[in-house]
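One structure is given below, encoded as structure tokens.
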Amino acid sequence: MLIIIANVLVLVVTIILLYYVTSGAPYLPTTDKNVLKMVKFAGMKRGQKILDVGSGDGRIVIAFAKAGAEAHGFEINPILVWMSRRNIKRAGLQGKAFIHFVNFWKRDFSPYDLVIVYQITHLMKKFQKKFEKELRPGTKILCNSFFLPDWKAIKFDKPLYLYEKVKMRKSKLKS
Ligand SMILES: C[S@@+](CC[C@H](N)C(=O)[O-])C[C@H]1O[C@@H](n2cnc3c(N)ncnc32)[C@H](O)[C@@H]1O
């Protein structure tokens with residue numbers, strides 16, 4: 001009986017781990033130096049809506065909210081959601097910074113003026129397709145460390161790549 005329970009537990013843990021590994025990057029926070037660099041590099045205007053895709057402990061959302069954005073983060077890890085909401089409260093940024101406990105693949109990115117991505121190489125093509133489908137022309141995308149395979153960056157300074165969504169041709173959107 002104990003062996004059966006142990007096997008079921010191992011199976012459940014494996015499925016959960018597989019789900020996390022295939023849906024996005026593991027938690028690795030951006031360095032404080034690069035967080036500051038990102039705020040300057042993005043050229044965001046006050047009042048714009050920004051999204052951090054996989055927001056970790058909320059450091060990027062907090063930095064952009066401090067710089068005048070309405071900053072949102074999507075995060076799947078409940079512990080990081082709790083930590084980042086606590087950090088937002090400590091920084092007095094309620095009403096300017098928001099963390100949503102969601103899987104980012106299930107959310108629409110179209111309301112945002114700037115989308116920030118620090119994920120992983122094998123998912124960048126999938127992100128690119130999502131951006132082509134959902135983002136409005138003029139939306140900026142800031143990638144940390146991993147680039148979009150078929151888009152040309154408008155600005156690059158290692159490890160940051162800045163892109164701007166242009167109007168897509170219908171044929172391109174279909175593919
Ligand atoms: C490399 S870390 C980046 C954290 C933060 N953006 C930063 O730069 O410090 C990637 C984050 O994405 C989150 N993540 C991975 N897959 C996700 C998914 N499908 N939906 C929401 N968050 C996800 C992870 O939990 C992790 O916090």
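Identifiers in this document derive from the order of the structure tokens: chains are assigned A, B, ..., residues are numbered from 1 separately in each chain, and ligands are numbered from 1 in order of occurrence.
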
Problem - Shell around range 92-95 of chain A at 8 Å using only C-alpha atoms, local window under 6 positions removed, as number ranges by chain - result: A: 62, 65-66

Problem - 12 Å contact set for Trp82 in chain A, only C-alpha atoms, chain neighbours under 2 positions out, as a list in words - result: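 Listing them by chain and then by number gives Ser55, Gly56, Asp57, Gly58, Glu75, Ile76, Asn77, Pro78, Ile79, Leu80, Ser84, Arg85, Arg86, Asn87, Ile88, Lys89, Phe98, Ile99, His100 and Phe101 of chain A.
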
Practice task
Check every protein, DNA and RNA residue against ligand 1, keep those with an atom at most 9 Å away (counting only C-alpha atoms and all ligand atoms), and present them as number ranges by chain.
Solution key: A: 19-32, 34-35, 52-61, 73-78, 80-81, 100-106, 116-120, 144

Taking a cut-off of 12 Å and counting only C-alpha atoms, can you build a table that, for each residue of range 36-138 of chain A near range 150-169 of chain A, reports the nearest atom pair and how far apart they are in Å (one decimal), sorted by chain then residue number, as JSON lines?
```
{"residue": "A:Leu36", "atom": "CA", "partner": "A:Leu160", "partner_atom": "CA", "distance": 11.9}
{"residue": "A:Lys37", "atom": "CA", "partner": "A:Leu160", "partner_atom": "CA", "distance": 8.9}
{"residue": "A:Met38", "atom": "CA", "partner": "A:Leu160", "partner_atom": "CA", "distance": 7.5}
{"residue": "A:Val39", "atom": "CA", "partner": "A:Leu160", "partner_atom": "CA", "distance": 11.1}
{"residue": "A:Lys40", "atom": "CA", "partner": "A:Leu160", "partner_atom": "CA", "distance": 11.3}
{"residue": "A:Phe41", "atom": "CA", "partner": "A:Leu162", "partner_atom": "CA", "distance": 8.0}
{"residue": "A:Ala42", "atom": "CA", "partner": "A:Leu162", "partner_atom": "CA", "distance": 7.0}
{"residue": "A:Gly43", "atom": "CA", "partner": "A:Leu162", "partner_atom": "CA", "distance": 9.7}
{"residue": "A:Met44", "atom": "CA", "partner": "A:Leu162", "partner_atom": "CA", "distance": 11.5}
{"residue": "A:Ser110", "atom": "CA", "partner": "A:Lys165", "partner_atom": "CA", "distance": 11.3}
{"residue": "A:Tyr112", "atom": "CA", "partner": "A:Lys165", "partner_atom": "CA", "distance": 11.8}
{"residue": "A:Asp113", "atom": "CA", "partner": "A:Glu164", "partner_atom": "CA", "distance": 10.0}
{"residue": "A:Leu114", "atom": "CA", "partner": "A:Glu164", "partner_atom": "CA", "distance": 9.1}
{"residue": "A:Val115", "atom": "CA", "partner": "A:Tyr163", "partner_atom": "CA", "distance": 9.8}
{"residue": "A:Ile116", "atom": "CA", "partner": "A:Leu162", "partner_atom": "CA", "distance": 9.3}
{"residue": "A:Val117", "atom": "CA", "partner": "A:Tyr161", "partner_atom": "CA", "distance": 9.9}
{"residue": "A:Tyr118", "atom": "CA", "partner": "A:Leu160", "partner_atom": "CA", "distance": 9.7}
{"residue": "A:Met124", "atom": "CA", "partner": "A:Asp150", "partner_atom": "CA", "distance": 9.8}
{"residue": "A:Lys125", "atom": "CA", "partner": "A:Asp150", "partner_atom": "CA", "distance": 8.1}
{"residue": "A:Lys126", "atom": "CA", "partner": "A:Asp150", "partner_atom": "CA", "distance": 11.4}
{"residue": "A:Phe127", "atom": "CA", "partner": "A:Asp150", "partner_atom": "CA", "distance": 11.2}
{"residue": "A:Gln128", "atom": "CA", "partner": "A:Asp150", "partner_atom": "CA", "distance": 8.0}
{"residue": "A:Lys129", "atom": "CA", "partner": "A:Asp150", "partner_atom": "CA", "distance": 10.1}
{"residue": "A:Lys130", "atom": "CA", "partner": "A:Lys165", "partner_atom": "CA", "distance": 11.6}
{"residue": "A:Phe131", "atom": "CA", "partner": "A:Lys165", "partner_atom": "CA", "distance": 7.9}
{"residue": "A:Glu132", "atom": "CA", "partner": "A:Met168", "partner_atom": "CA", "distance": 7.2}
{"residue": "A:Lys133", "atom": "CA", "partner": "A:Met168", "partner_atom": "CA", "distance": 8.9}
{"residue": "A:Glu134", "atom": "CA", "partner": "A:Lys165", "partner_atom": "CA", "distance": 10.1}
{"residue": "A:Leu135", "atom": "CA", "partner": "A:Lys165", "partner_atom": "CA", "distance": 7.1}
{"residue": "A:Arg136", "atom": "CA", "partner": "A:Lys165", "partner_atom": "CA", "distance": 7.0}
{"residue": "A:Pro137", "atom": "CA", "partner": "A:Val166", "partner_atom": "CA", "distance": 4.8}
{"residue": "A:Gly138", "atom": "CA", "partner": "A:Lys165", "partner_atom": "CA", "distance": 5.3}
```

Exercise for the section: Extract the full set of alpha helix (DSSP H) residues from range 1-43 of chain A according to DSSP on the backbone, and format it as a ChimeraX atom specification. Expected result: /A:2-23,32-42

Problem - Using only C-alpha atoms: which of A:Leu148, A:Thr121, A:Ala91, A:Leu142 has the shortest distance to Ile50 in chain A - result: A:Leu142

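The residue that comes closest to Lys49 in chain A, out of A:Val10, A:Leu2, A:Ile15, A:Ala97 and on the basis of only C-alpha atoms, is A:Ala97.
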
Handout entry: Pairwise distance for CA of Gly68 in chain A and CA of Lys45 in chain A, rounded to one decimal in Å
Key = 7.7 Å

Practice task
Just the strand (DSSP E) stuff from range 56-105 of chain A, please, per backbone DSSP, written as a count of residues only.
Solution key: 11

Problem - Residue nearest Ala69 in chain A - candidates A:Ser145, A:Gln48, A:Thr14, A:Asn7, atoms counted: only C-alpha atoms - result: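 Between A:Ser145, A:Gln48, A:Thr14, A:Asn7, the residue approaching Ala69 in chain A most closely is A:Gln48.
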
Problem - Atom-to-atom span, CA of Phe146 in chain A and CA of Ala63 in chain A, Å - result: 20.8 Å
